[in-house]
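Heads up, the thing below is written out as structure tokens.
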Amino acid sequence: MTAKQILDAFSETLMQDERILSPRERELLMSLLQNSRAIPNSSPETQSAVTAAIARSVGETVAQRAFTLLGGSIVEQILAGSGIPAGTEETTSATAAQLVGPEPPSGPQPPSIKKPVSVPPGPQPPSGPQPPSVRKPVTVPPGPEPPSVRRPLKDEPIGPQPPSGPQPPSHGLRPVTVQQRADQFELGSVGVLDAPGIVPAQCVVLDEFLAPQELDELVSYTLQHEAEFQTSEVISPSGEPGVTDYHHRRSRVLMDLGKRENVILERIRGVLPRVLEQIGMEEFPITQVEAQVTASNEGDFFAAHCDDSQELIASRRLTFVYFFHGEPRRFEGGELRLHDSRGSEANGSYQTVVPQQNQIVFFPCSVLHEITPVRCPTRAFADSRFTLNGWLHQ
């Protein structure tokens with residue numbers, strides 16, 4: 001099979017497909033061929049050379065686009081469409097390889113038109129519709145692929161892509177305008193950063209933390225010292241300690257725990273390595289321990305807060321809350337809510353710990369948390385929700 005037959009097959013099968021050659025490109029091609037034959041005083045050799053150059057350039061362009069559209073089965077589809085009988089595969093493959101030239105890189109490529117071939121001096125063809133200008137593809141040297149490569153946009157210049165790197169933190173899902181050079185991408189492109197995933201609040205809950213006798217002694221000590229409980233205080237937003245704010249916190253606290261403080265701290269030290277490992281915190285030197293008994297009765301609560309949010313308490317690292325109460329239990333509510341986060345902000349979801357007798361909860365001081373309102377119809381101090389809670393400082 002001759003090269004002319006291959007070109008005929010290309011013309012019949014591919015050149016009528018507008019995905020291969022647009023109507024404007026076919027118009028231009030016909031105009032070039034007609035004007036190349038009409039050059040006065042040109043020798044047959046010159047006309048033949050110009051025609052061959054046009055045919056070669058168009059043939060390579062058509063073949064390259066066909067590979068992009070049809071994949072590796074292009075030759076078989078051309079043969080099937082042109083009715084060429086079987087048995088000519090060897091001649092066809094050799095001639096097609098000569099016309100097509102090197103294969104295009106793998107993957108979808110944008111359309112490409114070869115640079116026009118210089119024509120010997122002579123009358124210029126009349127102006128007519130011009131095809132859209134498309135740059136010649138640039139061969140990119142092999143290298144590591146970026147994590148994700150987007151599909152080229154129409155008429156997008158091909159060139160070096162901006163290097164991938166760490167993305168700035170994002171608070172929630174929001175569109176971000178990507179800064180880019182006009183000669184690299186289409187203007188007005190908008191990228192959307194992925195929102196950071198929800199991070200569940202980390203905590204460890206241990207049941208039956210004290211021995212029954214130790215629990216009974218703690219309950220008795222608490223009830224005996226009712227008169228020593230004082231109104232709970234908070235640190236003001238300006239950093240002033242000892243402020244009473246009934247809109248933020250309402251409860252009563254006992255600061256002097258006697259020997260009960262040493263008992264519970266010894267238990268905490270025994271489980272601390274395992275607790276820190278489960279929470280994902282590194283061990284740290286304990287420089288100070290705060291501990292108190294808190295009594296919460298009808299309507300008492302503690303609004304959402306972090307235990308290390310002020311400069312005076314910034315050295316706090318780990319919070320512990322030990323639940324206990326009189327029997328039978330005569331209060332409801334008073335649940336501990338540990339808020340999950342998205343990035344550095346709470347996202348509205350939370351984990352709930354319902355107070356259980358002789359149970360302790362550990363969590364990082366940086367976790368946003370709150371105590372829901374307590375319902376205690378009797379309003380009796382002995383029926384309150386009690387906690388022995390505190391903080392380990394670094």
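Residue numbers start at 1 in each chain; chains themselves are named A, B, ... in the order of the structure tokens; ligands are numbered from 1 in the order shown.
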
Item to check | Residues near Arg337 (chain A), cut-off 9 Å, only C-alpha atoms, skip fewer than 6 positions along chain, as an MDAnalysis selection string | outcome: chainID A and resid 304 350:354 368:372

Can I get the selection written as an mmCIF file, in the first residue's frame, with N, CA, C and O atoms?
```cif
data_model
loop_
_atom_site.group_PDB
_atom_site.id
_atom_site.type_symbol
_atom_site.label_atom_id
_atom_site.label_comp_id
_atom_site.auth_asym_id
_atom_site.auth_seq_id
_atom_site.Cartn_x
_atom_site.Cartn_y
_atom_site.Cartn_z
ATOM 1 N N ALA A 304 -19.692 27.008 77.793
ATOM 2 C CA ALA A 304 -18.556 26.470 77.024
ATOM 3 C C ALA A 304 -17.298 27.298 77.279
ATOM 4 O O ALA A 304 -17.318 28.531 77.241
ATOM 5 N N TYR A 350 -20.471 17.302 69.324
ATOM 6 C CA TYR A 350 -19.802 17.112 70.610
ATOM 7 C C TYR A 350 -20.033 15.689 71.094
ATOM 8 O O TYR A 350 -20.895 14.959 70.599
ATOM 9 N N GLN A 351 -19.236 15.313 72.079
ATOM 10 C CA GLN A 351 -19.390 14.036 72.753
ATOM 11 C C GLN A 351 -19.917 14.315 74.161
ATOM 12 O O GLN A 351 -19.508 15.290 74.796
ATOM 13 N N THR A 352 -20.810 13.470 74.628
ATOM 14 C CA THR A 352 -21.450 13.679 75.920
ATOM 15 C C THR A 352 -21.039 12.592 76.905
ATOM 16 O O THR A 352 -21.077 11.398 76.576
ATOM 17 N N VAL A 353 -20.642 13.036 78.091
ATOM 18 C CA VAL A 353 -20.337 12.112 79.186
ATOM 19 C C VAL A 353 -21.392 12.341 80.269
ATOM 20 O O VAL A 353 -21.462 13.417 80.863
ATOM 21 N N VAL A 354 -22.228 11.328 80.497
ATOM 22 C CA VAL A 354 -23.270 11.417 81.531
ATOM 23 C C VAL A 354 -22.642 11.026 82.869
ATOM 24 O O VAL A 354 -21.999 9.972 82.965
ATOM 25 N N LEU A 368 -12.632 22.478 74.054
ATOM 26 C CA LEU A 368 -13.794 23.276 74.434
ATOM 27 C C LEU A 368 -14.840 22.347 75.063
ATOM 28 O O LEU A 368 -15.194 21.321 74.491
ATOM 29 N N HIS A 369 -15.343 22.718 76.250
ATOM 30 C CA HIS A 369 -16.301 21.857 76.945
ATOM 31 C C HIS A 369 -17.254 22.703 77.769
ATOM 32 O O HIS A 369 -17.032 23.894 78.000
ATOM 33 N N GLU A 370 -18.321 22.076 78.227
ATOM 34 C CA GLU A 370 -19.336 22.768 79.023
ATOM 35 C C GLU A 370 -20.061 21.760 79.909
ATOM 36 O O GLU A 370 -19.993 20.544 79.681
ATOM 37 N N ILE A 371 -20.763 22.290 80.929
ATOM 38 C CA ILE A 371 -21.607 21.477 81.805
ATOM 39 C C ILE A 371 -23.052 21.930 81.604
ATOM 40 O O ILE A 371 -23.363 23.123 81.763
ATOM 41 N N THR A 372 -23.929 21.012 81.221
ATOM 42 C CA THR A 372 -25.327 21.371 80.983
ATOM 43 C C THR A 372 -26.036 21.632 82.320
ATOM 44 O O THR A 372 -25.593 21.154 83.380
#
```

Next on the checklist: Quick one: residues within 8 Å of region 215-223 of chain A, only C-alpha atoms, excluding same-chain residues fewer than 3 positions away - as JSON, numbers by chain?
Outcome noted: {"A": [210, 211, 212, 226, 260, 293, 324, 325, 326, 358, 381, 382]}

Store the residues picked out above in a file with N, CA, C and O atoms, as an mmCIF file, in the first residue's frame.
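The resulting part-v1.cif:
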```
data_model
loop_
_atom_site.group_PDB
_atom_site.id
_atom_site.type_symbol
_atom_site.label_atom_id
_atom_site.label_comp_id
_atom_site.auth_asym_id
_atom_site.auth_seq_id
_atom_site.Cartn_x
_atom_site.Cartn_y
_atom_site.Cartn_z
ATOM 1 N N LEU A 210 -12.115 4.782 92.338
ATOM 2 C CA LEU A 210 -11.698 4.657 93.736
ATOM 3 C C LEU A 210 -12.262 3.376 94.343
ATOM 4 O O LEU A 210 -13.277 2.839 93.883
ATOM 5 N N ALA A 211 -11.598 2.923 95.356
ATOM 6 C CA ALA A 211 -12.130 1.775 96.122
ATOM 7 C C ALA A 211 -13.412 2.213 96.830
ATOM 8 O O ALA A 211 -13.599 3.400 97.143
ATOM 9 N N PRO A 212 -14.352 1.289 97.068
ATOM 10 C CA PRO A 212 -15.628 1.651 97.711
ATOM 11 C C PRO A 212 -15.445 2.428 99.016
ATOM 12 O O PRO A 212 -16.165 3.400 99.282
ATOM 13 N N GLU A 226 -20.134 21.198 104.124
ATOM 14 C CA GLU A 226 -21.060 22.000 103.298
ATOM 15 C C GLU A 226 -20.878 23.495 103.542
ATOM 16 O O GLU A 226 -20.894 24.306 102.601
ATOM 17 N N ARG A 260 -7.991 13.678 101.208
ATOM 18 C CA ARG A 260 -8.657 13.090 100.019
ATOM 19 C C ARG A 260 -7.966 13.522 98.730
ATOM 20 O O ARG A 260 -7.973 12.798 97.736
ATOM 21 N N VAL A 293 -13.520 20.394 94.996
ATOM 22 C CA VAL A 293 -14.795 19.685 94.910
ATOM 23 C C VAL A 293 -15.832 20.713 94.483
ATOM 24 O O VAL A 293 -15.928 21.796 95.075
ATOM 25 N N PHE A 324 -19.106 11.925 91.567
ATOM 26 C CA PHE A 324 -19.657 11.150 92.701
ATOM 27 C C PHE A 324 -20.922 11.855 93.193
ATOM 28 O O PHE A 324 -21.152 13.039 92.908
ATOM 29 N N HIS A 325 -21.738 11.150 93.940
ATOM 30 C CA HIS A 325 -23.000 11.706 94.451
ATOM 31 C C HIS A 325 -23.535 10.792 95.545
ATOM 32 O O HIS A 325 -23.074 9.659 95.730
ATOM 33 N N GLY A 326 -24.527 11.299 96.252
ATOM 34 C CA GLY A 326 -25.182 10.492 97.267
ATOM 35 C C GLY A 326 -26.096 9.446 96.637
ATOM 36 O O GLY A 326 -26.492 9.568 95.480
ATOM 37 N N ASN A 358 -18.472 7.194 90.761
ATOM 38 C CA ASN A 358 -17.111 6.641 90.835
ATOM 39 C C ASN A 358 -16.451 6.546 89.454
ATOM 40 O O ASN A 358 -15.718 5.602 89.171
ATOM 41 N N PHE A 381 -28.581 20.072 99.453
ATOM 42 C CA PHE A 381 -27.150 20.010 99.155
ATOM 43 C C PHE A 381 -26.694 18.566 98.979
ATOM 44 O O PHE A 381 -25.888 18.262 98.086
ATOM 45 N N ALA A 382 -27.193 17.666 99.819
ATOM 46 C CA ALA A 382 -26.762 16.267 99.767
ATOM 47 C C ALA A 382 -27.156 15.584 98.465
ATOM 48 O O ALA A 382 -26.576 14.548 98.103
#
```

Next on the checklist: Write out as an NGL selection string the set of residues from region 177-384 of chain A that DSSP, computed on the backbone, places in strand (DSSP E).
Outcome noted: :A and (177 or 190-192 or 198-199 or 204-206 or 230-231 or 249-250 or 252-254 or 288-296 or 301-305 or 316-324 or 332-333 or 336-342 or 345-353 or 359-364 or 369-371 or 374-375)

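Using only C-alpha atoms, the residues found no farther than 7 Å from region 231-236 of chain A, other than those of its own chain fewer than 4 positions away, are Glu240, Pro241, Gly242, Val243, Thr244, Asp245, Arg250, Ser251, Arg252 and Val253 of chain A.
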
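Each of A:Gln16, A:Thr46, A:Thr51, A:Thr294 was checked against Ser31 (chain A) using only C-alpha atoms; the smallest atom-to-atom distance is that of A:Thr51.
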
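Going from CA of Arg267 (chain A) over to CA of Val199 (chain A), you cover 29.1 Å.
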
Checklist entry - Nearest to Thr378 (chain A): which of A:Gln356, A:Ser349, A:Asn297, A:Gln202 is it, counting only C-alpha atoms? => result A:Asn297

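With only C-alpha atoms as the atoms that count, the minimum distance from His225 (chain A) to the choices A:Leu254, A:Ala52, A:Ile286, A:Val374 is reached by A:Leu254.
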
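Residue nearest Leu318 (chain A) within the list A:Gln288, A:Gln34, A:Ser22, A:Ser238: A:Gln288 [criterion: smallest interatomic distance, only C-alpha atoms].
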
Residues near Val275 (chain A), anyone? I mean within 10 Å using only C-alpha atoms, not counting same-chain ones fewer than 2 positions away, as an mmCIF file with N, CA, C and O atoms, in the first residue's frame.
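New file out_12.cif:
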```cif
data_model
loop_
_atom_site.group_PDB
_atom_site.id
_atom_site.type_symbol
_atom_site.label_atom_id
_atom_site.label_comp_id
_atom_site.auth_asym_id
_atom_site.auth_seq_id
_atom_site.Cartn_x
_atom_site.Cartn_y
_atom_site.Cartn_z
ATOM 1 N N CYS A 203 -10.653 12.111 74.798
ATOM 2 C CA CYS A 203 -10.868 11.941 76.241
ATOM 3 C C CYS A 203 -10.698 10.473 76.603
ATOM 4 O O CYS A 203 -10.771 9.595 75.736
ATOM 5 N N VAL A 204 -10.467 10.232 77.880
ATOM 6 C CA VAL A 204 -10.377 8.866 78.415
ATOM 7 C C VAL A 204 -11.314 8.796 79.617
ATOM 8 O O VAL A 204 -11.268 9.667 80.503
ATOM 9 N N VAL A 205 -12.171 7.784 79.646
ATOM 10 C CA VAL A 205 -13.130 7.593 80.740
ATOM 11 C C VAL A 205 -12.782 6.293 81.457
ATOM 12 O O VAL A 205 -12.676 5.233 80.828
ATOM 13 N N LEU A 206 -12.618 6.370 82.781
ATOM 14 C CA LEU A 206 -12.309 5.183 83.594
ATOM 15 C C LEU A 206 -13.403 5.003 84.642
ATOM 16 O O LEU A 206 -13.762 5.952 85.362
ATOM 17 N N ILE A 268 -4.401 8.974 90.181
ATOM 18 C CA ILE A 268 -4.193 9.609 88.871
ATOM 19 C C ILE A 268 -2.781 9.345 88.370
ATOM 20 O O ILE A 268 -2.574 9.015 87.194
ATOM 21 N N ARG A 269 -1.772 9.469 89.249
ATOM 22 C CA ARG A 269 -0.385 9.217 88.833
ATOM 23 C C ARG A 269 -0.208 7.778 88.352
ATOM 24 O O ARG A 269 0.588 7.503 87.447
ATOM 25 N N GLY A 270 -0.959 6.858 88.945
ATOM 26 C CA GLY A 270 -0.826 5.450 88.545
ATOM 27 C C GLY A 270 -1.332 5.167 87.140
ATOM 28 O O GLY A 270 -0.825 4.260 86.473
ATOM 29 N N VAL A 271 -2.336 5.925 86.688
ATOM 30 C CA VAL A 271 -2.906 5.659 85.355
ATOM 31 C C VAL A 271 -2.455 6.688 84.314
ATOM 32 O O VAL A 271 -2.783 6.552 83.132
ATOM 33 N N LEU A 272 -1.721 7.721 84.740
ATOM 34 C CA LEU A 272 -1.396 8.831 83.844
ATOM 35 C C LEU A 272 -0.667 8.410 82.566
ATOM 36 O O LEU A 272 -1.045 8.874 81.471
ATOM 37 N N PRO A 273 0.373 7.543 82.608
ATOM 38 C CA PRO A 273 1.041 7.178 81.350
ATOM 39 C C PRO A 273 0.085 6.570 80.324
ATOM 40 O O PRO A 273 0.138 6.901 79.136
ATOM 41 N N GLU A 277 -1.121 8.307 76.690
ATOM 42 C CA GLU A 277 -0.921 7.545 75.451
ATOM 43 C C GLU A 277 -2.221 7.440 74.654
ATOM 44 O O GLU A 277 -2.242 7.625 73.432
ATOM 45 N N GLN A 278 -3.333 7.174 75.346
ATOM 46 C CA GLN A 278 -4.614 7.027 74.653
ATOM 47 C C GLN A 278 -5.113 8.359 74.094
ATOM 48 O O GLN A 278 -5.719 8.401 73.026
ATOM 49 N N ILE A 279 -4.834 9.448 74.794
ATOM 50 C CA ILE A 279 -5.248 10.760 74.309
ATOM 51 C C ILE A 279 -4.350 11.235 73.169
ATOM 52 O O ILE A 279 -4.765 12.017 72.314
ATOM 53 N N GLY A 280 -3.104 10.746 73.153
ATOM 54 C CA GLY A 280 -2.164 11.187 72.123
ATOM 55 C C GLY A 280 -1.297 12.340 72.582
ATOM 56 O O GLY A 280 -0.773 13.090 71.749
ATOM 57 N N MET A 281 -1.132 12.490 73.904
ATOM 58 C CA MET A 281 -0.275 13.536 74.451
ATOM 59 C C MET A 281 1.047 12.939 74.922
ATOM 60 O O MET A 281 1.101 11.795 75.372
ATOM 61 N N GLU A 283 4.222 12.671 77.525
ATOM 62 C CA GLU A 283 4.373 12.860 78.967
ATOM 63 C C GLU A 283 5.071 14.187 79.228
ATOM 64 O O GLU A 283 5.901 14.637 78.437
ATOM 65 N N VAL A 361 -12.981 11.261 84.172
ATOM 66 C CA VAL A 361 -12.759 11.607 82.765
ATOM 67 C C VAL A 361 -11.515 12.476 82.673
ATOM 68 O O VAL A 361 -11.340 13.422 83.466
ATOM 69 N N PHE A 362 -10.647 12.165 81.710
ATOM 70 C CA PHE A 362 -9.451 12.966 81.424
ATOM 71 C C PHE A 362 -9.574 13.539 80.016
ATOM 72 O O PHE A 362 -10.002 12.833 79.093
ATOM 73 N N PHE A 363 -9.163 14.781 79.814
ATOM 74 C CA PHE A 363 -9.113 15.364 78.469
ATOM 75 C C PHE A 363 -8.144 16.555 78.463
ATOM 76 O O PHE A 363 -7.908 17.170 79.527
#
```

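With only C-alpha atoms as the basis for measurement, A:Gln394 is the residue among A:Ser48, A:Gln230, A:Gln394, A:Gln64 that approaches Arg316 (chain A) most closely.
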